[in-house]
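Visitor: Next up, run-v9.txt (compact mmCIF, C-alpha atoms and all ligand atoms).
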```
# COMPACT_ATOMS: atom_id res chain seq x y z
CA MET A 1396 118.77 108.79 78.28
CA LYS A 1397 116.82 111.96 77.48
CA ILE A 1398 117.70 114.42 74.72
CA LEU A 1399 116.14 117.75 73.89
CA GLY A 1400 116.15 118.27 70.11
CA ILE A 1401 115.94 121.59 68.29
CA GLU A 1402 115.09 121.96 64.58
CA THR A 1403 115.06 125.23 62.60
CA SER A 1404 116.51 124.34 59.19
CA CYS A 1405 113.58 125.54 57.10
CA ASP A 1406 110.12 126.80 58.03
CA GLU A 1407 109.27 124.64 61.04
CA THR A 1408 110.39 125.57 64.54
CA GLY A 1409 110.58 122.37 66.56
CA VAL A 1410 111.62 121.57 70.12
CA SER A 1411 111.15 118.06 71.41
CA ILE A 1412 112.23 115.82 74.25
CA VAL A 1413 112.75 112.17 73.47
CA SER A 1414 113.99 109.46 75.77
CA GLY A 1415 115.73 106.47 74.29
CA GLU A 1416 117.47 103.28 75.19
CA LYS A 1417 119.52 100.63 73.50
CA THR A 1418 117.63 97.37 73.02
CA PRO A 1419 119.01 93.95 71.99
CA GLY A 1420 118.00 94.56 68.35
CA GLY A 1421 118.38 98.33 68.09
CA PHE A 1422 116.87 101.29 69.91
CA SER A 1423 113.62 102.22 71.50
CA PHE A 1424 112.39 105.81 71.65
CA GLU A 1425 109.67 107.53 73.58
CA THR A 1426 108.58 111.04 72.72
CA ILE A 1427 108.08 112.91 75.98
CA SER A 1428 107.03 116.17 74.34
CA ALA A 1429 107.01 117.68 70.88
CA ALA A 1430 106.33 121.35 70.21
CA LEU A 1431 106.18 122.47 66.58
CA ALA A 1432 105.30 125.82 65.01
CA SER A 1433 104.82 125.84 61.26
CA GLN A 1434 105.38 129.01 59.27
CA ALA A 1435 103.94 127.55 56.06
CA ALA A 1436 100.97 129.92 56.03
CA LEU A 1437 103.25 132.97 56.35
CA HIS A 1438 105.50 131.85 53.48
CA ALA A 1439 102.53 130.93 51.28
CA GLU A 1440 102.30 134.52 50.11
CA TYR A 1441 105.86 134.29 48.68
CA GLY A 1442 105.16 130.87 47.12
CA GLY A 1443 108.16 129.46 48.95
CA VAL A 1444 110.25 129.91 52.07
CA TYR A 1445 111.55 133.45 52.52
CA PRO A 1446 114.78 133.13 54.59
CA ASN A 1447 114.63 136.39 56.55
CA LEU A 1448 111.03 135.84 57.50
CA ALA A 1449 111.92 132.29 58.57
CA LYS A 1450 114.73 133.65 60.75
CA ARG A 1451 112.48 136.21 62.43
CA GLU A 1452 109.78 133.62 63.12
CA HIS A 1453 112.24 131.07 64.52
CA ILE A 1454 113.64 133.69 66.92
CA LYS A 1455 110.10 134.49 68.06
CA ASN A 1456 108.95 130.86 68.29
CA LEU A 1457 111.97 129.12 69.85
CA PRO A 1458 111.36 130.32 73.46
CA LEU A 1459 107.65 129.50 73.10
CA MET A 1460 108.35 126.01 71.78
CA LEU A 1461 110.90 125.42 74.55
CA GLU A 1462 108.41 126.45 77.19
CA GLU A 1463 105.78 124.15 75.70
CA ALA A 1464 108.16 121.19 75.38
CA MET A 1465 109.52 121.65 78.93
CA GLU A 1466 106.17 121.95 80.66
CA GLY A 1467 106.34 119.88 83.83
CA ILE A 1468 109.87 118.70 83.03
CA SER A 1469 112.95 119.65 85.02
CA PRO A 1470 116.12 120.49 83.04
CA ASP A 1471 117.94 118.21 85.51
CA THR A 1472 116.37 115.19 83.82
CA ILE A 1473 117.72 116.14 80.36
CA ASN A 1474 121.06 114.53 79.47
CA ALA A 1475 121.98 116.51 76.36
CA ILE A 1476 120.79 118.99 73.75
CA ALA A 1477 120.87 118.27 70.00
CA VAL A 1478 120.49 120.86 67.26
CA THR A 1479 120.31 120.72 63.46
CA SER A 1480 123.52 122.23 62.03
CA GLY A 1481 122.66 121.64 58.35
CA PRO A 1482 121.70 121.27 55.61
CA GLY A 1483 119.09 124.01 55.30
CA LEU A 1484 118.71 127.76 55.09
CA GLU A 1485 121.68 129.25 56.92
CA PRO A 1486 119.88 132.22 58.51
CA ALA A 1487 117.30 129.75 59.84
CA LEU A 1488 119.92 127.22 61.02
CA TRP A 1489 121.82 129.91 62.94
CA THR A 1490 118.77 130.77 65.04
CA GLY A 1491 118.52 127.18 66.33
CA ILE A 1492 122.26 126.87 66.88
CA THR A 1493 122.54 130.14 68.82
CA PHE A 1494 119.53 129.23 70.94
CA ALA A 1495 120.85 125.71 71.62
CA GLU A 1496 124.31 126.99 72.58
CA LYS A 1497 122.87 129.41 75.13
CA LEU A 1498 120.62 126.73 76.57
CA ALA A 1499 123.46 124.19 76.80
CA ALA A 1500 125.64 126.73 78.63
CA GLN A 1501 122.83 127.72 80.98
CA TRP A 1502 121.86 124.13 81.81
CA ARG A 1503 125.46 122.83 81.63
CA LYS A 1504 124.59 120.07 79.18
CA PRO A 1505 126.55 118.57 76.30
CA LEU A 1506 125.52 119.91 72.90
CA TYR A 1507 125.40 117.76 69.76
CA ALA A 1508 125.28 118.98 66.14
CA ILE A 1509 122.98 116.80 64.01
CA ASN A 1510 122.61 116.48 60.25
CA HIS A 1511 118.98 117.15 59.29
CA MET A 1512 119.00 114.35 56.68
CA GLU A 1513 120.28 111.86 59.25
CA GLY A 1514 117.30 112.89 61.36
CA HIS A 1515 114.94 112.05 58.48
CA LEU A 1516 116.74 108.73 57.90
CA ILE A 1517 117.00 107.47 61.49
CA SER A 1518 113.45 108.52 62.40
CA SER A 1519 112.12 106.77 59.30
CA LEU A 1520 113.71 103.51 60.40
CA ALA A 1521 111.77 103.68 63.66
CA GLN A 1522 108.50 101.79 63.52
CA SER A 1523 106.18 102.64 66.42
CA GLY A 1524 109.16 104.19 68.17
CA LYS A 1525 111.42 101.15 67.76
CA ILE A 1526 114.35 100.50 65.50
CA HIS A 1527 114.53 96.74 65.62
CA ASP A 1528 116.64 94.14 63.81
CA VAL A 1529 117.29 96.38 60.82
CA LYS A 1530 119.12 94.37 58.16
CA LEU A 1531 122.15 96.14 56.68
CA PRO A 1532 122.87 97.55 54.19
CA VAL A 1533 120.04 100.07 54.38
CA LEU A 1534 119.05 102.04 51.32
CA ALA A 1535 117.22 105.28 52.12
CA LEU A 1536 115.39 107.34 49.54
CA LEU A 1537 115.19 110.79 51.11
CA ILE A 1538 112.72 113.05 49.35
CA SER A 1539 112.04 116.53 50.67
CA GLY A 1540 111.70 120.15 49.61
CA GLY A 1541 115.45 120.59 49.42
CA HIS A 1542 116.79 117.07 48.78
CA THR A 1543 116.25 114.00 46.66
CA GLU A 1544 118.91 111.39 47.24
CA PHE A 1545 119.62 107.70 47.64
CA ILE A 1546 121.74 107.07 50.71
CA LEU A 1547 123.44 103.78 51.38
CA MET A 1548 124.16 102.89 55.01
CA ARG A 1549 126.41 99.79 54.98
CA ASP A 1550 127.21 100.17 58.67
CA TRP A 1551 125.39 102.24 61.23
CA PHE A 1552 126.04 105.98 60.76
CA GLN A 1553 128.28 105.37 57.71
CA TYR A 1554 126.61 107.03 54.75
CA LYS A 1555 127.27 107.18 51.06
CA ILE A 1556 125.21 109.09 48.51
CA ILE A 1557 124.74 106.73 45.58
CA GLY A 1558 122.44 108.91 43.50
CA GLN A 1559 120.75 112.27 43.68
CA THR A 1560 118.83 114.86 41.75
CA GLN A 1561 120.89 116.84 39.31
CA ASP A 1562 118.64 119.89 39.70
CA ASP A 1563 115.34 120.34 41.59
CA ALA A 1564 114.30 118.26 44.59
CA VAL A 1565 111.07 116.28 44.22
CA GLY A 1566 109.29 118.41 46.85
CA GLU A 1567 110.38 121.57 45.05
CA ALA A 1568 108.92 120.20 41.79
CA PHE A 1569 105.67 119.34 43.59
CA ASP A 1570 105.53 122.86 45.02
CA LYS A 1571 106.27 124.54 41.67
CA VAL A 1572 103.75 122.46 39.72
CA ALA A 1573 101.18 123.17 42.44
CA ARG A 1574 101.79 126.86 41.91
CA MET A 1575 101.15 126.46 38.17
CA LEU A 1576 97.87 124.74 39.04
CA ILE A 1577 96.98 127.65 41.38
CA LEU A 1578 97.18 125.42 44.44
CA PRO A 1579 98.41 126.83 47.77
CA TYR A 1580 101.95 126.46 49.17
CA PRO A 1581 103.29 123.98 50.20
CA GLY A 1582 101.79 122.27 47.18
CA GLY A 1583 102.79 118.64 47.71
CA PRO A 1584 99.74 117.59 49.73
CA HIS A 1585 97.41 119.53 47.38
CA ILE A 1586 98.80 117.91 44.22
CA SER A 1587 98.55 114.56 45.93
CA ARG A 1588 94.89 115.14 46.76
CA MET A 1589 94.08 116.48 43.32
CA ALA A 1590 95.88 113.58 41.61
CA GLU A 1591 93.89 111.15 43.74
CA LEU A 1592 90.64 112.78 42.64
CA GLY A 1593 91.83 112.49 39.05
CA ARG A 1594 92.69 108.84 39.58
CA THR A 1595 89.30 108.03 41.12
CA GLU A 1596 87.37 110.59 39.01
CA ARG A 1597 85.69 112.01 42.10
CA TYR A 1598 85.92 115.66 41.09
CA GLU A 1599 82.92 116.62 43.19
CA LEU A 1600 85.20 116.21 46.21
CA LEU A 1601 87.44 119.10 45.13
CA GLU A 1602 87.51 121.75 47.80
CA GLU A 1603 85.35 124.79 46.96
CA SER A 1604 88.35 127.09 47.24
CA LEU A 1605 90.08 125.21 44.42
CA LYS A 1606 87.14 125.32 42.04
CA THR A 1607 88.29 128.48 40.22
CA PRO A 1608 85.90 128.43 37.28
CA PRO A 1609 87.82 128.34 33.99
CA LYS A 1610 87.20 131.42 31.86
CA GLY A 1611 85.73 130.82 28.40
CA HIS A 1612 85.80 127.41 26.85
CA ALA A 1613 87.28 124.80 29.15
CA THR A 1614 89.47 122.10 27.72
CA HIS A 1615 90.11 118.60 29.04
CA PRO A 1616 93.64 118.06 27.85
CA ALA A 1617 95.26 114.70 27.49
CA PHE A 1618 98.65 115.05 29.11
CA SER A 1619 101.70 112.96 28.84
CA LEU A 1620 104.86 114.02 30.62
CA PRO A 1621 108.43 112.74 30.27
CA ARG A 1622 110.10 110.40 32.77
CA PRO A 1623 113.52 112.13 32.96
CA MET A 1624 116.66 109.97 33.22
CA ILE A 1625 114.57 106.84 33.77
CA HIS A 1626 116.71 104.75 31.41
CA ASP A 1627 120.10 106.12 32.53
CA ALA A 1628 122.16 103.35 34.09
CA ASN A 1629 122.68 105.17 37.40
CA CYS A 1630 120.70 106.31 40.43
CA ASN A 1631 120.66 110.00 39.58
CA MET A 1632 117.46 111.89 38.86
CA SER A 1633 116.25 115.16 37.38
CA PHE A 1634 112.96 116.94 38.01
CA SER A 1635 113.47 120.40 36.60
CA GLY A 1636 112.60 119.37 33.00
CA LEU A 1637 109.47 117.65 34.22
CA LYS A 1638 108.30 120.85 35.87
CA THR A 1639 109.06 122.81 32.67
CA SER A 1640 107.11 120.24 30.62
CA VAL A 1641 104.07 120.94 32.80
CA LEU A 1642 104.54 124.66 32.21
CA TYR A 1643 104.67 124.21 28.41
CA ALA A 1644 101.76 121.77 28.37
CA LEU A 1645 99.60 124.29 30.24
CA ARG A 1646 100.73 127.11 27.96
CA ASP A 1647 100.04 125.07 24.80
CA ARG A 1648 96.50 124.58 25.99
CA GLY A 1649 95.85 128.28 26.43
CA GLY A 1650 96.97 128.67 30.05
CA ILE A 1651 95.67 127.38 33.35
CA GLN A 1652 92.52 129.54 33.25
CA LYS A 1653 91.33 127.65 30.17
CA ILE A 1654 91.76 124.24 31.71
CA SER A 1655 88.87 122.55 33.45
CA MET A 1656 89.07 121.13 36.95
CA GLU A 1657 89.11 117.65 35.42
CA GLY A 1658 92.00 118.75 33.21
CA ARG A 1659 93.93 120.09 36.19
CA ALA A 1660 93.36 116.88 38.09
CA ALA A 1661 94.67 115.01 35.04
CA VAL A 1662 97.84 117.14 35.11
CA ALA A 1663 98.33 116.50 38.83
CA ARG A 1664 97.83 112.79 38.26
CA GLU A 1665 100.21 112.57 35.31
CA PHE A 1666 102.83 114.57 37.23
CA GLU A 1667 102.55 112.27 40.24
CA ASP A 1668 102.70 109.22 37.94
CA ALA A 1669 105.82 110.55 36.18
CA VAL A 1670 107.56 111.14 39.53
CA SER A 1671 106.46 107.69 40.75
CA ASP A 1672 107.74 105.93 37.62
CA VAL A 1673 111.16 107.56 37.96
CA LEU A 1674 111.44 106.89 41.70
CA ILE A 1675 110.35 103.26 41.26
CA ALA A 1676 112.85 102.60 38.45
CA LYS A 1677 115.69 104.26 40.37
CA SER A 1678 114.80 102.50 43.64
CA LEU A 1679 114.92 99.09 41.95
CA ARG A 1680 118.20 99.98 40.29
CA ALA A 1681 119.66 101.19 43.60
CA ILE A 1682 118.68 97.97 45.40
CA GLU A 1683 120.16 95.90 42.60
CA GLN A 1684 123.41 97.88 42.59
CA THR A 1685 123.92 97.87 46.34
CA GLY A 1686 122.42 94.57 47.51
CA ALA A 1687 120.48 96.53 50.12
CA GLN A 1688 118.53 94.36 52.56
CA THR A 1689 116.32 97.16 53.86
CA MET A 1690 114.82 100.09 52.00
CA VAL A 1691 113.23 103.07 53.72
CA LEU A 1692 111.60 106.29 52.52
CA GLY A 1693 112.09 109.55 54.39
CA GLY A 1694 111.54 113.32 54.12
CA GLY A 1695 108.45 115.47 53.63
CA VAL A 1696 107.45 113.91 50.29
CA ALA A 1697 107.45 110.47 51.93
CA ALA A 1698 103.99 111.46 53.20
CA ASN A 1699 102.68 111.07 49.64
CA ALA A 1700 100.17 108.21 49.73
CA HIS A 1701 100.54 107.23 46.08
CA LEU A 1702 104.34 107.16 46.15
CA ARG A 1703 104.32 105.10 49.34
CA LYS A 1704 101.97 102.58 47.78
CA VAL A 1705 103.57 102.16 44.36
CA ILE A 1706 107.19 102.08 45.54
CA ALA A 1707 106.29 99.53 48.25
CA GLU A 1708 104.48 97.36 45.69
CA ALA A 1709 107.31 97.48 43.16
CA VAL A 1710 109.97 96.60 45.75
CA ALA A 1711 107.84 93.78 47.19
CA LYS A 1712 107.38 92.34 43.69
CA GLU A 1713 110.98 92.61 42.45
CA PHE A 1714 112.85 92.14 45.73
CA PRO A 1715 110.58 90.22 48.13
CA GLU A 1716 113.52 89.52 50.46
CA VAL A 1717 114.10 93.24 51.09
CA ASP A 1718 112.42 94.75 54.16
CA PHE A 1719 110.59 97.86 52.99
CA LEU A 1720 109.93 100.41 55.73
CA LEU A 1721 107.66 103.43 55.56
CA PRO A 1722 107.86 106.19 58.17
CA ASP A 1723 104.82 107.19 60.12
CA THR A 1724 103.37 110.23 58.29
CA SER A 1725 103.41 112.18 61.57
CA ILE A 1726 107.22 112.44 61.38
CA THR A 1727 107.88 112.78 57.62
CA GLY A 1728 107.77 116.59 57.69
CA ASP A 1729 110.46 118.55 59.51
CA ASN A 1730 110.30 118.19 63.29
CA ALA A 1731 112.58 118.06 66.32
CA ILE A 1732 111.71 114.47 67.30
CA MET A 1733 113.83 113.20 64.42
CA ILE A 1734 116.79 115.33 65.55
CA ALA A 1735 116.55 114.00 69.11
CA GLN A 1736 116.19 110.42 67.81
CA ALA A 1737 119.27 110.67 65.58
CA ALA A 1738 121.26 112.11 68.49
CA LEU A 1739 120.01 109.35 70.80
CA ALA A 1740 120.85 106.56 68.34
CA ARG A 1741 124.38 107.95 68.01
CA ALA A 1742 124.86 108.68 71.72
CA LEU A 1743 123.61 105.23 72.74
CA SER A 1744 126.09 103.73 70.25
CA GLY A 1745 129.01 105.89 71.40
CA LYS A 1746 129.13 107.56 67.97
CA ILE A 1747 128.76 111.18 68.89
CA GLU A 1748 130.95 113.87 70.35
CA ALA A 1749 129.76 116.93 72.22
CA ALA A 1750 130.68 120.23 70.59
CA THR A 1751 133.80 121.74 72.14
CA GLU A 1752 133.80 124.74 69.81
CA PRO A 1753 130.99 126.93 68.52
CA ILE A 1754 128.81 125.05 66.00
CA THR A 1755 128.70 126.43 62.46
CA ALA A 1756 125.56 126.40 60.29
CA LYS A 1757 126.29 124.49 57.09
CA GLY A 1758 123.65 125.11 54.45
CA ASN A 1759 125.02 122.44 52.11
CA LEU A 1760 126.07 119.86 54.67
CA SER A 1761 126.11 116.47 52.99
CA LEU A 1762 125.12 113.25 54.71
CA SER A 1763 128.33 111.54 53.64
CA ALA A 1764 130.08 114.19 55.75
CA ALA A 1765 128.15 113.06 58.83
CA VAL A 1766 130.45 110.08 59.42
O1 LIG B 1 111.23 117.40 54.73
P1 LIG B 1 110.36 118.60 54.55
O2 LIG B 1 109.27 118.85 55.58
O3 LIG B 1 111.20 119.91 54.47
C1 LIG B 1 112.44 119.95 53.86
O4 LIG B 1 113.44 119.55 54.54
O5 LIG B 1 112.47 120.35 52.69
O6 LIG B 1 109.69 118.49 53.10
C2 LIG B 1 108.80 119.48 52.61
C3 LIG B 1 108.33 119.10 51.22
C4 LIG B 1 107.52 120.19 50.52
O7 LIG B 1 108.04 120.37 49.22
C5 LIG B 1 106.10 119.61 50.49
O8 LIG B 1 105.33 120.07 49.39
C6 LIG B 1 106.39 118.15 50.37
O9 LIG B 1 107.46 117.94 51.27
N1 LIG B 1 105.24 117.30 50.74
C7 LIG B 1 104.61 116.47 49.86
C8 LIG B 1 103.54 115.88 50.57
N2 LIG B 1 103.55 116.36 51.86
C9 LIG B 1 104.62 117.23 51.93
N3 LIG B 1 104.86 116.21 48.58
C10 LIG B 1 104.04 115.33 47.96
N4 LIG B 1 102.99 114.74 48.55
C11 LIG B 1 102.70 114.97 49.85
N5 LIG B 1 101.66 114.37 50.44
ZN ZN B 2 113.50 117.99 55.89
```
Would you write the structure of this file as C-alpha cells?
Guide:
Amino acid sequence: MKILGIETSCDETGVSIVSGEKTPGGFSFETISAALASQAALHAEYGGVYPNLAKREHIKNLPLMLEEAMEGISPDTINAIAVTSGPGLEPALWTGITFAEKLAAQWRKPLYAINHMEGHLISSLAQSGKIHDVKLPVLALLISGGHTEFILMRDWFQYKIIGQTQDDAVGEAFDKVARMLILPYPGGPHISRMAELGRTERYELLEESLKTPPKGHATHPAFSLPRPMIHDANCNMSFSGLKTSVLYALRDRGGIQKISMEGRAAVAREFEDAVSDVLIAKSLRAIEQTGAQTMVLGGGVAANAHLRKVIAEAVAKEFPEVDFLLPDTSITGDNAIMIAQAALARALSGKIEAATEPITAKGNLSLSAAV
C-alpha cells in the first residue's frame, strides 16, 4: 500500500510517498520519495515561527514539494492521501488540509486526517523502516518545539497522556535560551553543540560567527540552574522557570555581552544538564508507574545527542528489561514521512477512516483524542 503524506503544521512543508506492508511482527515501510522545504531561515529574523509567513510559504512550497515527490510516479499507484490536521499553527495546518482535499478530489483517493504527534510517535518506533515485535505498553516521551509529553500506548493507537509540561515545551525553552545566548533560531542544535564544547572544553571549535567578543572584562560564571518539579510525585514537567533562571543568571553577571565564550558554553551545558536531569527522573517515574515494556523518544528535541545518551543509559541501568528505542535523527524533525507512516500503520491495521466531510484544522488537537 502506498500513501502520500502532507505535513504543514509548523515551519516545514513536507510531501512524501511511503509504501508499507503488514509483517508478522509489525509493519515495514519504504520511503519512495520525501520532499521537504524548511522555512527556518526565514523565521530566524523573528526569533520564532511567524504564522502568516508560514502560511504564505506553505502555499508557495506545497505544489513544488508535490512535484518533487511525484517525479516519475503515477498518481494511479497511490492508494490514499494523509494530511496533518493538528496540533500546530492553524493558518499553517489549513494550507496542507486545503491542498490535500483538492488533490484527493482530483485523484479520487481517500483522504486521512493524521495527528502530528502520532506521526512523531509511530515513526520513532520504526527502526530502519521496520516496526517489529514492539512490546506493549509503549511509553513515548515526545519532545518538540510545541509539545513535551509522556504518552502511554497500552494497545496500538490507544493513547493516554500521563504527564506533560505545565508551561513551555522543551524545544521552546531550548530556543529561548539560545536567543539569550545570541545563538541563531532554531536554537536547539546550537545549544547542543555549545554545551558539548563546554563539556569537552574544546572552545576553539566554536564557529567563528558565534565568537562575539565580550565587551570589557569577561567573566567565567559558575552557573547552577534549578531542576523544576523533579521531586514531584507525578510525570508533569515545567520549563518556563528554568528559562527565566537563565535570564536572571545572565543579568546578575552583567548581561550576555560581559560573559566569555567559555561562560556561555557553561550556561548551555548547565541548561542541557538541568533538562536532562528532569527528563531522566520523569522517564524513570513514568516507566515505574505504567509498567511500560518499551520506551521511545520522539519529536525535534529527540535529535539532541546528550539527551539521547543519558536517558538511554539511565533506563538501561534502572529498567534493563525495557526496550529503549531511539528514532533515526533524520526523522526527528517535522516531515511528511512520519505522517504517511502513521497513516499506513493505521490503514494496514484497519484503524482509520477516510474523511467524508471537510477536515478541520485543530491547533490544540490532543493525542488522546486520536483514538
Ligand atoms: O518536532 P519539531 O521539528 O517541530 C515541532 O513540532 O515543534 O521540533 C522543533 C524543535 C525546536 O525547538 C528545535 O530547537 C528543537 O526541536 N531541536 C533541538 C535539537 N534539534 C532540534 N533541541 C535540542 N537539541 C537538538 N539537537
Ligand atoms: Zn513536530
Visitor: Atom CA of A:Gly1694 and atom CA of A:Met1733 are how many Å apart?
Guide: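 That distance, rounded to one decimal, is 10.6 Å.
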Visitor: Measuring between all atoms listed in the file, which one of A:His1515, A:Arg1574, A:Lys1638, A:Lys1397 shows the shortest distance to ligand LIG 1 (chain B)?
Guide: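 Among the listed residues, the smallest separation from ligand LIG 1 (chain B) belongs to A:His1515.
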Visitor: Check every protein, DNA and RNA residue against ligand LIG 1 (chain B), keep those with an atom at most 6 Å away (counting all atoms listed in the file), and present them as a ChimeraX atom specification.
Guide: /A:1539-1541,1566-1567,1569-1570,1581-1584,1587,1694-1696,1698-1699,1728-1729
Visitor: Would you compute the box with edges along x, y and z of the file around stretch 1717-1731 of chain A, including every atom the file lists for it and 4 Å extra on each side, and give its centre and edge lengths in Å to one decimal, as JSON?
Guide:
```
{"center_x": 108.7, "center_y": 105.9, "center_z": 58.7, "size_x": 18.7, "size_y": 33.3, "size_z": 23.2}
```
Visitor: Write out as a PyMOL selection string each polymer residue (protein, DNA or RNA) that has an atom no more than 12 Å from ligand ZN 2 (chain B), with all atoms listed in the file counted.
Guide: chain A and resi 1402-1409+1479+1481-1484+1510-1516+1518-1519+1537-1543+1564+1566-1567+1693-1698+1726-1731+1733-1734
Visitor: My list of candidates is A:Leu1692, A:Ile1517, A:Ala1676, A:Ala1644. Which is closest to A:Phe1422 when distances are computed with only C-alpha atoms?
Guide: A:Ile1517
Visitor: Could you work out how far atom CA of A:Glu1485 lies from atom CA of A:Val1444, giving the answer in Å with one decimal?
Guide: 12.4 Å
